[in-house]
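Structure data follow from target26.cif (mmCIF, C-alpha atoms):
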```cif
data_structure
#
loop_
_atom_site.group_PDB
_atom_site.id
_atom_site.type_symbol
_atom_site.label_atom_id
_atom_site.label_comp_id
_atom_site.auth_asym_id
_atom_site.auth_seq_id
_atom_site.Cartn_x
_atom_site.Cartn_y
_atom_site.Cartn_z
ATOM 1 C CA MET A 1 32.367 -26.311 105.875
ATOM 2 C CA PRO A 2 33.794 -24.004 106.972
ATOM 3 C CA GLU A 3 37.281 -25.512 107.177
ATOM 4 C CA LEU A 4 40.615 -23.990 108.148
ATOM 5 C CA PRO A 5 40.927 -21.604 105.153
ATOM 6 C CA GLU A 6 37.425 -20.230 105.654
ATOM 7 C CA VAL A 7 37.833 -19.700 109.407
ATOM 8 C CA GLU A 8 41.238 -18.111 108.828
ATOM 9 C CA THR A 9 39.655 -15.747 106.302
ATOM 10 C CA VAL A 10 36.972 -14.750 108.811
ATOM 11 C CA ARG A 11 39.733 -14.167 111.364
ATOM 12 C CA ARG A 12 41.718 -11.965 108.976
ATOM 13 C CA THR A 13 38.725 -9.827 108.074
ATOM 14 C CA LEU A 14 37.518 -9.366 111.650
ATOM 15 C CA ALA A 15 40.881 -8.877 113.381
ATOM 16 C CA PRO A 16 41.483 -5.234 112.394
ATOM 17 C CA GLU A 17 37.812 -4.335 112.774
ATOM 18 C CA LEU A 18 37.383 -5.718 116.289
ATOM 19 C CA GLU A 19 40.674 -4.498 117.761
ATOM 20 C CA ALA A 20 39.696 -2.526 120.886
ATOM 21 C CA ALA A 21 35.966 -2.649 119.994
ATOM 22 C CA VAL A 22 33.757 -2.583 123.099
ATOM 23 C CA VAL A 23 30.616 -4.706 123.404
ATOM 24 C CA ARG A 24 27.739 -2.540 124.600
ATOM 25 C CA ARG A 25 25.355 -5.470 124.955
ATOM 26 C CA VAL A 26 24.614 -8.960 123.634
ATOM 27 C CA ASP A 27 21.158 -9.684 122.218
ATOM 28 C CA MET A 28 20.204 -13.355 122.364
ATOM 29 C CA ARG A 29 17.751 -14.494 119.700
ATOM 30 C CA SER A 30 18.405 -18.195 120.368
ATOM 31 C CA ARG A 31 19.853 -19.398 123.648
ATOM 32 C CA ASP A 32 20.740 -22.906 122.514
ATOM 33 C CA VAL A 33 23.629 -21.767 120.289
ATOM 34 C CA VAL A 34 25.611 -20.831 123.409
ATOM 35 C CA GLY A 35 27.528 -23.880 124.576
ATOM 36 C CA ARG A 36 29.193 -22.360 127.637
ATOM 37 C CA PRO A 37 28.219 -20.874 130.083
ATOM 38 C CA ASP A 38 24.427 -20.528 130.076
ATOM 39 C CA ALA A 39 23.091 -17.926 127.655
ATOM 40 C CA GLU A 40 22.188 -15.344 130.317
ATOM 41 C CA THR A 41 25.611 -15.493 131.946
ATOM 42 C CA PHE A 42 27.281 -15.407 128.519
ATOM 43 C CA ALA A 43 25.477 -12.181 127.579
ATOM 44 C CA ALA A 44 26.013 -10.567 130.963
ATOM 45 C CA GLU A 45 29.753 -11.343 131.124
ATOM 46 C CA LEU A 46 30.453 -10.060 127.614
ATOM 47 C CA ALA A 47 28.550 -6.795 128.049
ATOM 48 C CA GLY A 48 31.168 -4.093 128.602
ATOM 49 C CA SER A 49 34.027 -6.324 127.437
ATOM 50 C CA ARG A 50 36.602 -5.187 124.895
ATOM 51 C CA PHE A 51 37.881 -7.330 122.034
ATOM 52 C CA THR A 52 41.680 -7.444 121.969
ATOM 53 C CA GLY A 53 42.383 -9.409 118.794
ATOM 54 C CA ALA A 54 41.420 -12.481 116.801
ATOM 55 C CA GLY A 55 43.050 -15.904 116.574
ATOM 56 C CA ARG A 56 42.329 -19.347 115.215
ATOM 57 C CA ARG A 57 43.072 -22.953 116.117
ATOM 58 C CA GLY A 58 41.908 -25.604 113.652
ATOM 59 C CA LYS A 59 38.339 -24.727 112.716
ATOM 60 C CA TYR A 60 37.781 -22.648 115.867
ATOM 61 C CA LEU A 61 37.735 -18.842 115.759
ATOM 62 C CA LEU A 62 39.228 -17.342 118.935
ATOM 63 C CA LEU A 63 38.292 -13.806 120.026
ATOM 64 C CA PRO A 64 40.121 -12.723 123.198
ATOM 65 C CA VAL A 65 38.342 -10.186 125.369
ATOM 66 C CA ALA A 66 39.285 -7.998 128.311
ATOM 67 C CA PRO A 67 39.000 -7.862 131.207
ATOM 68 C CA GLY A 68 40.178 -11.406 131.691
ATOM 69 C CA PRO A 69 41.958 -12.682 129.852
ATOM 70 C CA ARG A 70 38.953 -14.520 128.471
ATOM 71 C CA VAL A 71 38.352 -16.021 125.037
ATOM 72 C CA LEU A 72 35.136 -16.092 123.019
ATOM 73 C CA VAL A 73 35.370 -19.332 121.015
ATOM 74 C CA VAL A 74 33.249 -19.560 117.864
ATOM 75 C CA HIS A 75 32.706 -22.891 116.119
ATOM 76 C CA LEU A 76 30.900 -22.196 112.850
ATOM 77 C CA ARG A 77 30.339 -25.886 112.056
ATOM 78 C CA MET A 78 28.472 -26.327 108.745
ATOM 79 C CA THR A 79 26.552 -23.124 108.060
ATOM 80 C CA GLY A 80 27.583 -20.636 110.729
ATOM 81 C CA ARG A 81 28.426 -17.033 109.830
ATOM 82 C CA LEU A 82 30.013 -14.287 111.900
ATOM 83 C CA VAL A 83 29.571 -11.011 110.030
ATOM 84 C CA LEU A 84 30.166 -7.372 110.920
ATOM 85 C CA ALA A 85 27.319 -5.074 109.865
ATOM 86 C CA GLY A 86 26.199 -1.488 110.115
ATOM 87 C CA PRO A 87 23.172 -0.496 112.232
ATOM 88 C CA GLU A 88 21.061 0.046 109.114
ATOM 89 C CA ASP A 89 21.946 -3.257 107.429
ATOM 90 C CA PRO A 90 18.970 -5.645 107.336
ATOM 91 C CA GLU A 91 19.252 -8.521 109.755
ATOM 92 C CA PRO A 92 19.541 -11.802 107.829
ATOM 93 C CA PRO A 93 17.329 -14.793 108.608
ATOM 94 C CA HIS A 94 18.553 -17.288 111.196
ATOM 95 C CA THR A 95 20.441 -14.645 113.197
ATOM 96 C CA HIS A 96 20.858 -16.066 116.703
ATOM 97 C CA VAL A 97 23.208 -13.690 118.553
ATOM 98 C CA VAL A 98 23.957 -9.999 117.987
ATOM 99 C CA PHE A 99 26.892 -8.244 119.656
ATOM 100 C CA GLN A 100 26.081 -4.535 119.718
ATOM 101 C CA LEU A 101 29.323 -2.537 119.713
ATOM 102 C CA GLU A 102 29.675 0.887 121.277
ATOM 103 C CA ASP A 103 30.447 2.525 117.921
ATOM 104 C CA GLY A 104 27.078 1.367 116.569
ATOM 105 C CA ARG A 105 28.290 -1.571 114.519
ATOM 106 C CA LEU A 106 26.834 -5.065 114.948
ATOM 107 C CA LEU A 107 28.623 -8.407 115.031
ATOM 108 C CA ARG A 108 26.033 -10.996 114.030
ATOM 109 C CA PHE A 109 26.170 -14.752 114.452
ATOM 110 C CA ALA A 110 23.765 -16.515 112.064
ATOM 111 C CA ASP A 111 23.389 -20.210 111.348
ATOM 112 C CA VAL A 112 20.777 -21.854 109.140
ATOM 113 C CA ARG A 113 21.263 -25.356 110.538
ATOM 114 C CA ARG A 114 21.971 -24.246 114.127
ATOM 115 C CA PHE A 115 24.958 -26.583 114.595
ATOM 116 C CA GLY A 116 27.379 -23.715 115.311
ATOM 117 C CA ARG A 117 28.227 -22.862 118.904
ATOM 118 C CA LEU A 118 29.650 -20.004 120.978
ATOM 119 C CA TYR A 119 31.701 -20.619 124.123
ATOM 120 C CA LEU A 120 33.234 -18.282 126.676
ATOM 121 C CA TYR A 121 36.335 -19.493 128.530
ATOM 122 C CA GLU A 122 38.832 -18.067 130.937
ATOM 123 C CA ALA A 123 42.172 -18.260 129.114
ATOM 124 C CA ARG A 124 43.594 -20.410 131.919
ATOM 125 C CA GLU A 125 40.934 -23.051 131.221
ATOM 126 C CA LEU A 126 42.095 -23.569 127.631
ATOM 127 C CA PRO A 127 44.979 -25.736 126.417
ATOM 128 C CA ALA A 128 48.187 -23.703 126.357
ATOM 129 C CA ASP A 129 48.459 -23.818 122.556
ATOM 130 C CA VAL A 130 44.872 -22.619 122.141
ATOM 131 C CA ALA A 131 45.342 -19.760 124.607
ATOM 132 C CA GLU A 132 48.516 -18.783 122.772
ATOM 133 C CA ALA A 133 46.781 -18.922 119.367
ATOM 134 C CA ALA A 134 44.116 -16.616 120.779
ATOM 135 C CA GLY A 135 46.762 -14.107 121.792
ATOM 136 C CA ALA A 136 45.848 -14.606 125.441
ATOM 137 C CA GLY A 137 49.249 -15.927 126.530
ATOM 138 C CA ALA A 138 50.409 -19.516 126.900
ATOM 139 C CA SER A 139 49.351 -19.997 130.504
ATOM 140 C CA GLY A 140 46.531 -22.411 129.762
ATOM 141 C CA ARG A 141 46.080 -26.035 130.736
ATOM 142 C CA THR A 142 48.411 -28.785 129.599
ATOM 143 C CA ALA A 143 45.906 -31.598 130.039
ATOM 144 C CA ALA A 144 44.139 -32.992 126.971
ATOM 145 C CA ALA A 145 40.732 -32.759 128.595
ATOM 146 C CA GLY A 146 38.962 -29.594 129.545
ATOM 147 C CA PRO A 147 35.925 -28.303 131.395
ATOM 148 C CA ASP A 148 32.418 -28.523 130.062
ATOM 149 C CA GLY A 149 31.985 -26.989 126.631
ATOM 150 C CA SER A 150 33.567 -28.025 123.338
ATOM 151 C CA PRO A 151 35.680 -31.163 123.951
ATOM 152 C CA GLY A 152 37.145 -31.090 120.435
ATOM 153 C CA LEU A 153 38.987 -27.894 121.299
ATOM 154 C CA PHE A 154 41.025 -29.805 123.874
ATOM 155 C CA THR A 155 42.256 -32.617 121.636
ATOM 156 C CA LEU A 156 43.377 -30.835 118.460
ATOM 157 C CA GLY A 157 46.277 -32.166 116.431
ATOM 158 C CA PRO A 158 48.937 -29.963 114.824
ATOM 159 C CA GLU A 159 48.132 -27.201 112.368
ATOM 160 C CA PRO A 160 48.804 -28.359 108.778
ATOM 161 C CA LEU A 161 51.027 -25.333 108.065
ATOM 162 C CA SER A 162 53.022 -25.657 111.283
ATOM 163 C CA ARG A 163 56.577 -27.000 111.477
ATOM 164 C CA ARG A 164 55.323 -29.768 113.724
ATOM 165 C CA PHE A 165 53.208 -31.270 110.940
ATOM 166 C CA ASP A 166 55.641 -33.181 108.754
ATOM 167 C CA ALA A 167 55.939 -36.587 107.060
ATOM 168 C CA ARG A 168 57.519 -38.175 110.129
ATOM 169 C CA LEU A 169 54.672 -37.149 112.433
ATOM 170 C CA LEU A 170 51.956 -38.061 109.941
ATOM 171 C CA GLY A 171 53.636 -41.399 109.253
ATOM 172 C CA GLU A 172 53.594 -42.180 112.965
ATOM 173 C CA ARG A 173 49.897 -41.387 113.172
ATOM 174 C CA LEU A 174 49.076 -43.498 110.117
ATOM 175 C CA ARG A 175 51.140 -46.531 111.138
ATOM 176 C CA GLY A 176 49.005 -49.641 111.530
ATOM 177 C CA ARG A 177 45.743 -47.823 110.819
ATOM 178 C CA LYS A 178 43.231 -49.822 108.775
ATOM 179 C CA ALA A 179 40.743 -46.969 108.492
ATOM 180 C CA PRO A 180 40.572 -45.172 105.111
ATOM 181 C CA ILE A 181 43.131 -42.418 104.752
ATOM 182 C CA LYS A 182 40.329 -39.901 104.227
ATOM 183 C CA ALA A 183 38.713 -40.810 107.553
ATOM 184 C CA VAL A 184 42.034 -40.451 109.365
ATOM 185 C CA LEU A 185 42.741 -37.022 107.852
ATOM 186 C CA LEU A 186 39.279 -35.832 108.887
ATOM 187 C CA ASP A 187 40.091 -36.738 112.497
ATOM 188 C CA GLN A 188 40.920 -33.395 114.117
ATOM 189 C CA ARG A 189 43.182 -35.191 116.605
ATOM 190 C CA VAL A 190 45.485 -36.197 113.733
ATOM 191 C CA VAL A 191 45.686 -32.794 112.029
ATOM 192 C CA ALA A 192 43.553 -29.760 112.864
ATOM 193 C CA GLY A 193 41.420 -27.854 110.394
ATOM 194 C CA LEU A 194 40.966 -30.275 107.490
ATOM 195 C CA GLY A 195 37.487 -31.124 106.245
ATOM 196 C CA ASN A 196 35.760 -32.806 103.323
ATOM 197 C CA ILE A 197 36.758 -30.297 100.637
ATOM 198 C CA TYR A 198 40.481 -30.000 101.224
ATOM 199 C CA VAL A 199 41.043 -33.647 102.133
ATOM 200 C CA ASP A 200 39.555 -34.648 98.763
ATOM 201 C CA GLU A 201 41.686 -32.033 97.004
ATOM 202 C CA ALA A 202 44.923 -33.010 98.768
ATOM 203 C CA LEU A 203 44.404 -36.723 98.113
ATOM 204 C CA PHE A 204 43.774 -36.010 94.432
ATOM 205 C CA ARG A 205 46.923 -33.926 94.154
ATOM 206 C CA ALA A 206 48.903 -36.659 95.901
ATOM 207 C CA GLY A 207 47.436 -39.398 93.664
ATOM 208 C CA ILE A 208 46.098 -41.371 96.641
ATOM 209 C CA HIS A 209 42.709 -43.065 96.645
ATOM 210 C CA PRO A 210 40.592 -41.834 99.601
ATOM 211 C CA ALA A 211 39.659 -45.395 100.596
ATOM 212 C CA ARG A 212 43.255 -46.608 100.909
ATOM 213 C CA PRO A 213 43.961 -47.970 104.394
ATOM 214 C CA ALA A 214 45.921 -45.235 106.124
ATOM 215 C CA GLY A 215 48.631 -47.615 107.288
ATOM 216 C CA ASP A 216 49.171 -48.798 103.703
ATOM 217 C CA LEU A 217 50.809 -45.563 102.556
ATOM 218 C CA ALA A 218 54.494 -45.797 101.670
ATOM 219 C CA PRO A 219 56.920 -43.165 103.052
ATOM 220 C CA ASP A 220 57.165 -41.375 99.712
ATOM 221 C CA GLU A 221 53.367 -41.179 99.528
ATOM 222 C CA THR A 222 53.192 -39.756 103.039
ATOM 223 C CA ARG A 223 55.749 -37.089 102.141
ATOM 224 C CA ARG A 224 53.800 -36.228 98.995
ATOM 225 C CA LEU A 225 50.539 -36.070 100.935
ATOM 226 C CA VAL A 226 51.970 -33.660 103.514
ATOM 227 C CA ARG A 227 53.285 -31.466 100.715
ATOM 228 C CA GLU A 228 49.909 -31.368 98.950
ATOM 229 C CA ILE A 229 47.965 -30.733 102.158
ATOM 230 C CA ARG A 230 50.164 -27.717 102.796
ATOM 231 C CA SER A 231 49.840 -26.561 99.189
ATOM 232 C CA VAL A 232 46.054 -26.712 98.958
ATOM 233 C CA ILE A 233 45.565 -25.053 102.346
ATOM 234 C CA ARG A 234 47.903 -22.186 101.406
ATOM 235 C CA GLN A 235 46.123 -21.657 98.094
ATOM 236 C CA ALA A 236 42.682 -21.753 99.695
ATOM 237 C CA VAL A 237 43.727 -19.174 102.283
ATOM 238 C CA GLU A 238 45.119 -16.928 99.538
ATOM 239 C CA ARG A 239 41.783 -17.194 97.700
ATOM 240 C CA ARG A 240 39.800 -16.510 100.871
ATOM 241 C CA GLY A 241 38.206 -19.951 101.080
ATOM 242 C CA THR A 242 35.522 -21.832 99.195
ATOM 243 C CA THR A 243 31.898 -20.709 99.038
ATOM 244 C CA LEU A 244 29.530 -23.529 98.103
ATOM 245 C CA SER A 245 26.370 -22.196 99.728
ATOM 246 C CA ASP A 246 26.589 -20.471 103.117
ATOM 247 C CA TYR A 247 30.185 -19.469 103.808
ATOM 248 C CA VAL A 248 31.095 -15.760 103.738
ATOM 249 C CA ASP A 249 33.910 -13.834 105.394
ATOM 250 C CA GLY A 250 33.564 -11.303 108.211
ATOM 251 C CA TYR A 251 32.282 -8.683 105.755
ATOM 252 C CA GLY A 252 29.740 -11.048 104.181
ATOM 253 C CA ARG A 253 31.787 -11.678 101.008
ATOM 254 C CA PRO A 254 32.152 -15.136 99.375
ATOM 255 C CA GLY A 255 35.468 -16.897 98.860
ATOM 256 C CA SER A 256 37.042 -17.453 95.442
ATOM 257 C CA MET A 257 38.621 -20.921 95.750
ATOM 258 C CA GLY A 258 35.626 -22.789 94.297
ATOM 259 C CA PRO A 259 36.495 -22.489 90.576
ATOM 260 C CA HIS A 260 40.004 -23.780 91.321
ATOM 261 C CA LEU A 261 38.928 -27.046 92.970
ATOM 262 C CA ALA A 262 40.102 -30.069 91.001
ATOM 263 C CA VAL A 263 37.627 -32.735 92.149
ATOM 264 C CA TYR A 264 35.386 -31.580 94.977
ATOM 265 C CA GLY A 265 31.862 -30.874 93.732
ATOM 266 C CA ARG A 266 32.798 -31.843 90.147
ATOM 267 C CA SER A 267 31.227 -35.305 89.878
ATOM 268 C CA GLY A 268 30.750 -36.244 86.195
ATOM 269 C CA GLU A 269 32.972 -33.413 84.966
ATOM 270 C CA PRO A 270 36.332 -34.062 83.273
ATOM 271 C CA CYS A 271 39.383 -34.384 85.472
ATOM 272 C CA ARG A 272 41.604 -31.324 85.078
ATOM 273 C CA ARG A 273 44.634 -33.623 84.771
ATOM 274 C CA CYS A 274 43.621 -36.650 82.660
ATOM 275 C CA ARG A 275 40.199 -35.553 81.300
ATOM 276 C CA GLY A 276 38.556 -38.715 82.611
ATOM 277 C CA PRO A 277 35.295 -38.307 84.578
ATOM 278 C CA VAL A 278 35.428 -37.266 88.224
ATOM 279 C CA GLU A 279 33.451 -39.662 90.422
ATOM 280 C CA LYS A 280 31.646 -39.334 93.732
ATOM 281 C CA ILE A 281 31.672 -42.275 96.151
ATOM 282 C CA ARG A 282 31.169 -42.695 99.886
ATOM 283 C CA VAL A 283 34.138 -43.225 102.159
ATOM 284 C CA ALA A 284 33.636 -43.548 105.913
ATOM 285 C CA GLY A 285 30.076 -42.281 105.427
ATOM 286 C CA ARG A 286 31.172 -39.083 103.675
ATOM 287 C CA GLY A 287 30.556 -38.031 100.085
ATOM 288 C CA THR A 288 33.962 -38.192 98.441
ATOM 289 C CA HIS A 289 35.192 -36.878 95.094
ATOM 290 C CA LEU A 290 38.089 -38.398 93.179
ATOM 291 C CA CYS A 291 39.500 -39.229 89.771
ATOM 292 C CA PRO A 292 39.716 -43.032 89.478
ATOM 293 C CA ARG A 293 42.459 -42.740 86.842
ATOM 294 C CA CYS A 294 44.689 -40.373 88.789
ATOM 295 C CA GLN A 295 43.945 -42.049 92.129
ATOM 296 C CA PRO A 296 44.122 -45.796 91.420
ATOM 297 C CA ALA A 297 41.928 -48.004 93.576
ATOM 298 C CA ARG A 298 44.608 -50.634 94.140
ATOM 299 C CA ARG A 299 48.222 -50.615 95.166
ATOM 300 C CA GLU A 300 50.073 -53.834 94.342
ATOM 301 C CA GLY A 301 46.726 -55.622 94.325
ATOM 302 C CA HIS A 302 46.476 -56.168 98.071
ATOM 303 C CA TRP A 303 43.498 -54.025 98.954
ATOM 304 C CA LYS A 304 40.206 -52.965 97.452
ATOM 305 C CA VAL A 305 37.498 -50.375 97.957
ATOM 306 C CA ASN A 306 34.572 -51.716 99.956
#
```

Mind turning the file's structure into structure tokens?
Amino acid sequence: MPELPEVETVRRTLAPELEAAVVRRVDMRSRDVVGRPDAETFAAELAGSRFTGAGRRGKYLLLPVAPGPRVLVVHLRMTGRLVLAGPEDPEPPHTHVVFQLEDGRLLRFADVRRFGRLYLYEARELPADVAEAAGAGASGRTAAAGPDGSPGLFTLGPEPLSRRFDARLLGERLRGRKAPIKAVLLDQRVVAGLGNIYVDEALFRAGIHPARPAGDLAPDETRRLVREIRSVIRQAVERRGTTLSDYVDGYGRPGSMGPHLAVYGRSGEPCRRCRGPVEKIRVAGRGTHLCPRCQPARREGHWKVN
């Protein structure tokens, strides 16, 4: 958390609010949440800048600023929040950076676990697809390795709702892989933006056990999996994401996808499809929810869950 639907929801709420907003100054409560450049340079370079939009790539929020073009990259990680507030709104605990806007509003970055990071890049330093997603043009780098900062931003796979992500591409990336299908789908180099919640949900909908070796999937299963990944992501975006504990949108409001989840977080509860109990196991070191009846643990008897 947050995953693609949550970051997209933050983007949608902040985009109209930040358009043309000018940063008067940046107050640093915690310097270590700035990944690039150093915190003092970060604050100094953003003071006087003007936001020109809001984009997203995978789980990264992209806020282009002028002059530049430059891009403020926000990685919320597990518990990060980026919330717009009024000058009289109480500052929440664990607030690490405050962007004071010229109109008096505050853009606050808070993070209980302090895993989230903020980065400032010149648009030309970013991969072309990331720069384009940020609305900063497509003149970025073509190499799959970037400057210091967030290396994951430079190796992202296709967006799950893009035309590029289809059964043929996913099949190619699964071919010969012995790792569990869940672990492969969590790899942001395979497909960008998926995390624990929506991988569990998509695998349930597709009837595929999370521990299945990725290369074991048949073509019809791969097609079904792509379809269900797209479906669950679309629905989660429509419902403004899932709030389990910390996630809120750019206004501080929770998402509404939680009650519609079929397996995630429902260990011991009845499966919405077969009424059997939902189970929680560990796959690739991650807590994983599934229905053992709807997602059989064997296919033609030639593999087993470890």

- Query: Hey, can you check how far atom CA of A:Val83 sits from atom CA of A:Glu122?
  - Reply: 23.9 Å

- Message: Set the distance at 8 Å and use only C-alpha atoms: which residues neighbour A:Gly35 once local chain neighbours fewer than 3 positions away are removed? I'd like the list as a PyMOL selection string.
- Response: chain A and resi 32+38+117-119+149-150

- Could you tell me which of A:Gly287, A:Gly241, A:Pro37, A:Gly55 comes closest to A:Leu14 if we count all atoms listed in the file?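 Checking each candidate against A:Leu14, we get A:Gly55 as the closest.
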
- Residues matched by the PyMOL selection byres ((chain A and resi 292) around 10) as a PyMOL selection string: chain A and resi 204+207-209+271+276-280+289-291+293-297

Output file for the residues above (C-alpha atoms, as a PDB file, in the frame of the given file):
```pdb
ATOM      1  CA  PHE A 204      43.774 -36.010  94.432  1.00  0.00           C
ATOM      2  CA  GLY A 207      47.436 -39.398  93.664  1.00  0.00           C
ATOM      3  CA  ILE A 208      46.098 -41.371  96.641  1.00  0.00           C
ATOM      4  CA  HIS A 209      42.709 -43.065  96.645  1.00  0.00           C
ATOM      5  CA  CYS A 271      39.383 -34.384  85.472  1.00  0.00           C
ATOM      6  CA  GLY A 276      38.556 -38.715  82.611  1.00  0.00           C
ATOM      7  CA  PRO A 277      35.295 -38.307  84.578  1.00  0.00           C
ATOM      8  CA  VAL A 278      35.428 -37.266  88.224  1.00  0.00           C
ATOM      9  CA  GLU A 279      33.451 -39.662  90.422  1.00  0.00           C
ATOM     10  CA  LYS A 280      31.646 -39.334  93.732  1.00  0.00           C
ATOM     11  CA  HIS A 289      35.192 -36.878  95.094  1.00  0.00           C
ATOM     12  CA  LEU A 290      38.089 -38.398  93.179  1.00  0.00           C
ATOM     13  CA  CYS A 291      39.500 -39.229  89.771  1.00  0.00           C
ATOM     14  CA  ARG A 293      42.459 -42.740  86.842  1.00  0.00           C
ATOM     15  CA  CYS A 294      44.689 -40.373  88.789  1.00  0.00           C
ATOM     16  CA  GLN A 295      43.945 -42.049  92.129  1.00  0.00           C
ATOM     17  CA  PRO A 296      44.122 -45.796  91.420  1.00  0.00           C
ATOM     18  CA  ALA A 297      41.928 -48.004  93.576  1.00  0.00           C
TER      19      ALA A 297
END
```

- Query: Pick from A:Ala128, A:Leu84, A:Leu101, A:Val26: nearest to A:Ala44, with all atoms listed in the file counted?
  - Reply: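 Of the candidates, the smallest distance to A:Ala44 is held by A:Val26.
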
Using all atoms listed in the file, which residues sit within 10 Å of A:Tyr198 once same-chain residues fewer than 2 positions away are excluded, as a PDB file with C-alpha atoms, in the coordinates of the input?
```
ATOM      1  CA  GLU A   3      37.281 -25.512 107.177  1.00  0.00           C
ATOM      2  CA  LEU A   4      40.615 -23.990 108.148  1.00  0.00           C
ATOM      3  CA  PRO A   5      40.927 -21.604 105.153  1.00  0.00           C
ATOM      4  CA  LEU A 185      42.741 -37.022 107.852  1.00  0.00           C
ATOM      5  CA  LEU A 186      39.279 -35.832 108.887  1.00  0.00           C
ATOM      6  CA  GLY A 193      41.420 -27.854 110.394  1.00  0.00           C
ATOM      7  CA  LEU A 194      40.966 -30.275 107.490  1.00  0.00           C
ATOM      8  CA  GLY A 195      37.487 -31.124 106.245  1.00  0.00           C
ATOM      9  CA  ASN A 196      35.760 -32.806 103.323  1.00  0.00           C
ATOM     10  CA  ASP A 200      39.555 -34.648  98.763  1.00  0.00           C
ATOM     11  CA  GLU A 201      41.686 -32.033  97.004  1.00  0.00           C
ATOM     12  CA  ALA A 202      44.923 -33.010  98.768  1.00  0.00           C
ATOM     13  CA  LEU A 203      44.404 -36.723  98.113  1.00  0.00           C
ATOM     14  CA  PHE A 204      43.774 -36.010  94.432  1.00  0.00           C
ATOM     15  CA  GLU A 228      49.909 -31.368  98.950  1.00  0.00           C
ATOM     16  CA  ILE A 229      47.965 -30.733 102.158  1.00  0.00           C
ATOM     17  CA  VAL A 232      46.054 -26.712  98.958  1.00  0.00           C
ATOM     18  CA  ILE A 233      45.565 -25.053 102.346  1.00  0.00           C
ATOM     19  CA  ALA A 236      42.682 -21.753  99.695  1.00  0.00           C
ATOM     20  CA  THR A 242      35.522 -21.832  99.195  1.00  0.00           C
ATOM     21  CA  LEU A 261      38.928 -27.046  92.970  1.00  0.00           C
ATOM     22  CA  VAL A 263      37.627 -32.735  92.149  1.00  0.00           C
ATOM     23  CA  TYR A 264      35.386 -31.580  94.977  1.00  0.00           C
TER      24      TYR A 264
END
```

- Considering only C-alpha atoms, state which residue in the set A:Asp220, A:Gln188, A:Ala21, A:Leu120 is at the smallest distance from A:Glu40. A:Leu120

Please enclose the listed atoms of stretch 191-201 of chain A in an axis-aligned box, pad each side by 8 Å, and write out the centre and the three edge lengths in Å, rounded to one decimal, as AutoDock Vina command-line options.
```
--center_x 40.7 --center_y -31.3 --center_z 104.9 --size_x 25.9 --size_y 22.8 --size_z 31.9
```

- Task: Would you write out, as number ranges by chain, every residue that the PyMOL selection byres ((chain A and resi 243-251) around 10) captures in this file?
- Result: A: 1-3, 6-15, 17, 76, 78-85, 107-108, 111-112, 240-242, 252-259, 265

- Starting from the shown file, work through the PyMOL selection byres ((chain A and resi 45) around 12) and note down what comes out as a list in words.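 Selected by the PyMOL selection byres ((chain A and resi 45) around 12) in this file: Val23, Arg24, Arg25, Val26, Arg36, Pro37, Asp38, Ala39, Glu40, Thr41, Phe42, Ala43, Ala44, Leu46, Ala47, Gly48, Ser49, Arg50, Val65, Ala66, Pro67, Gly68, Arg70, Val71, Leu72, Tyr119, Leu120, Tyr121 and Glu122 of chain A.
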
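The space between atom CA of A:Ser30 and atom CA of A:Gly116 spans 11.7 Å.
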
- Please write as a count of residues only the list of polymer residues whose atoms come within 9 Å of (42.4, -31.1, 117.1), counting only C-alpha atoms and keeping to the coordinates of the file. 18

- Message: Just the number, please: distance in Å from atom CA of A:Ala20 to atom CA of A:Ala136, one decimal.
- Response: 14.3 Å

- Task: Name the closest residue to A:Val33 among the candidates A:Thr222, A:Gln100, A:Thr95, A:Ser162; distances are taken between atoms, counting only C-alpha atoms.
- Result: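 Under the stated criterion, the closest residue is A:Thr95.
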
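With only C-alpha atoms as the basis for measurement, A:His260 is the residue among A:Asp129, A:Arg175, A:Val74, A:His260 that approaches A:Gln235 most closely.
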
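Each of A:Gly285, A:Pro213, A:Pro160, A:Gly104 was checked against A:Arg177 using all atoms listed in the file; the smallest atom-to-atom distance is that of A:Pro213.
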
Would you mind completing stretch 203-210 of chain A to N, CA and C atoms and writing the output as a PDB file, keeping the file's coordinate frame?
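rebuild-v3.pdb, freshly written:
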```pdb
ATOM      1  N   LEU A 203      44.227 -35.334  98.531  1.00  0.00           N
ATOM      2  CA  LEU A 203      44.404 -36.723  98.113  1.00  0.00           C
ATOM      3  C   LEU A 203      44.472 -36.830  96.590  1.00  0.00           C
ATOM      4  N   PHE A 204      43.680 -36.021  95.891  1.00  0.00           N
ATOM      5  CA  PHE A 204      43.774 -36.010  94.432  1.00  0.00           C
ATOM      6  C   PHE A 204      45.158 -35.548  93.996  1.00  0.00           C
ATOM      7  N   ARG A 205      45.620 -34.463  94.543  1.00  0.00           N
ATOM      8  CA  ARG A 205      46.923 -33.926  94.154  1.00  0.00           C
ATOM      9  C   ARG A 205      48.044 -34.918  94.446  1.00  0.00           C
ATOM     10  N   ALA A 206      47.876 -35.691  95.521  1.00  0.00           N
ATOM     11  CA  ALA A 206      48.903 -36.659  95.901  1.00  0.00           C
ATOM     12  C   ALA A 206      48.753 -37.979  95.170  1.00  0.00           C
ATOM     13  N   GLY A 207      47.653 -38.159  94.404  1.00  0.00           N
ATOM     14  CA  GLY A 207      47.436 -39.398  93.664  1.00  0.00           C
ATOM     15  C   GLY A 207      47.105 -40.576  94.550  1.00  0.00           C
ATOM     16  N   ILE A 208      46.419 -40.332  95.666  1.00  0.00           N
ATOM     17  CA  ILE A 208      46.098 -41.371  96.641  1.00  0.00           C
ATOM     18  C   ILE A 208      44.590 -41.558  96.709  1.00  0.00           C
ATOM     19  N   HIS A 209      44.143 -42.788  96.575  1.00  0.00           N
ATOM     20  CA  HIS A 209      42.709 -43.065  96.645  1.00  0.00           C
ATOM     21  C   HIS A 209      42.212 -42.834  98.074  1.00  0.00           C
ATOM     22  N   PRO A 210      41.077 -42.147  98.250  1.00  0.00           N
ATOM     23  CA  PRO A 210      40.592 -41.834  99.601  1.00  0.00           C
ATOM     24  C   PRO A 210      40.281 -43.052 100.465  1.00  0.00           C
TER      25      PRO A 210
END
```
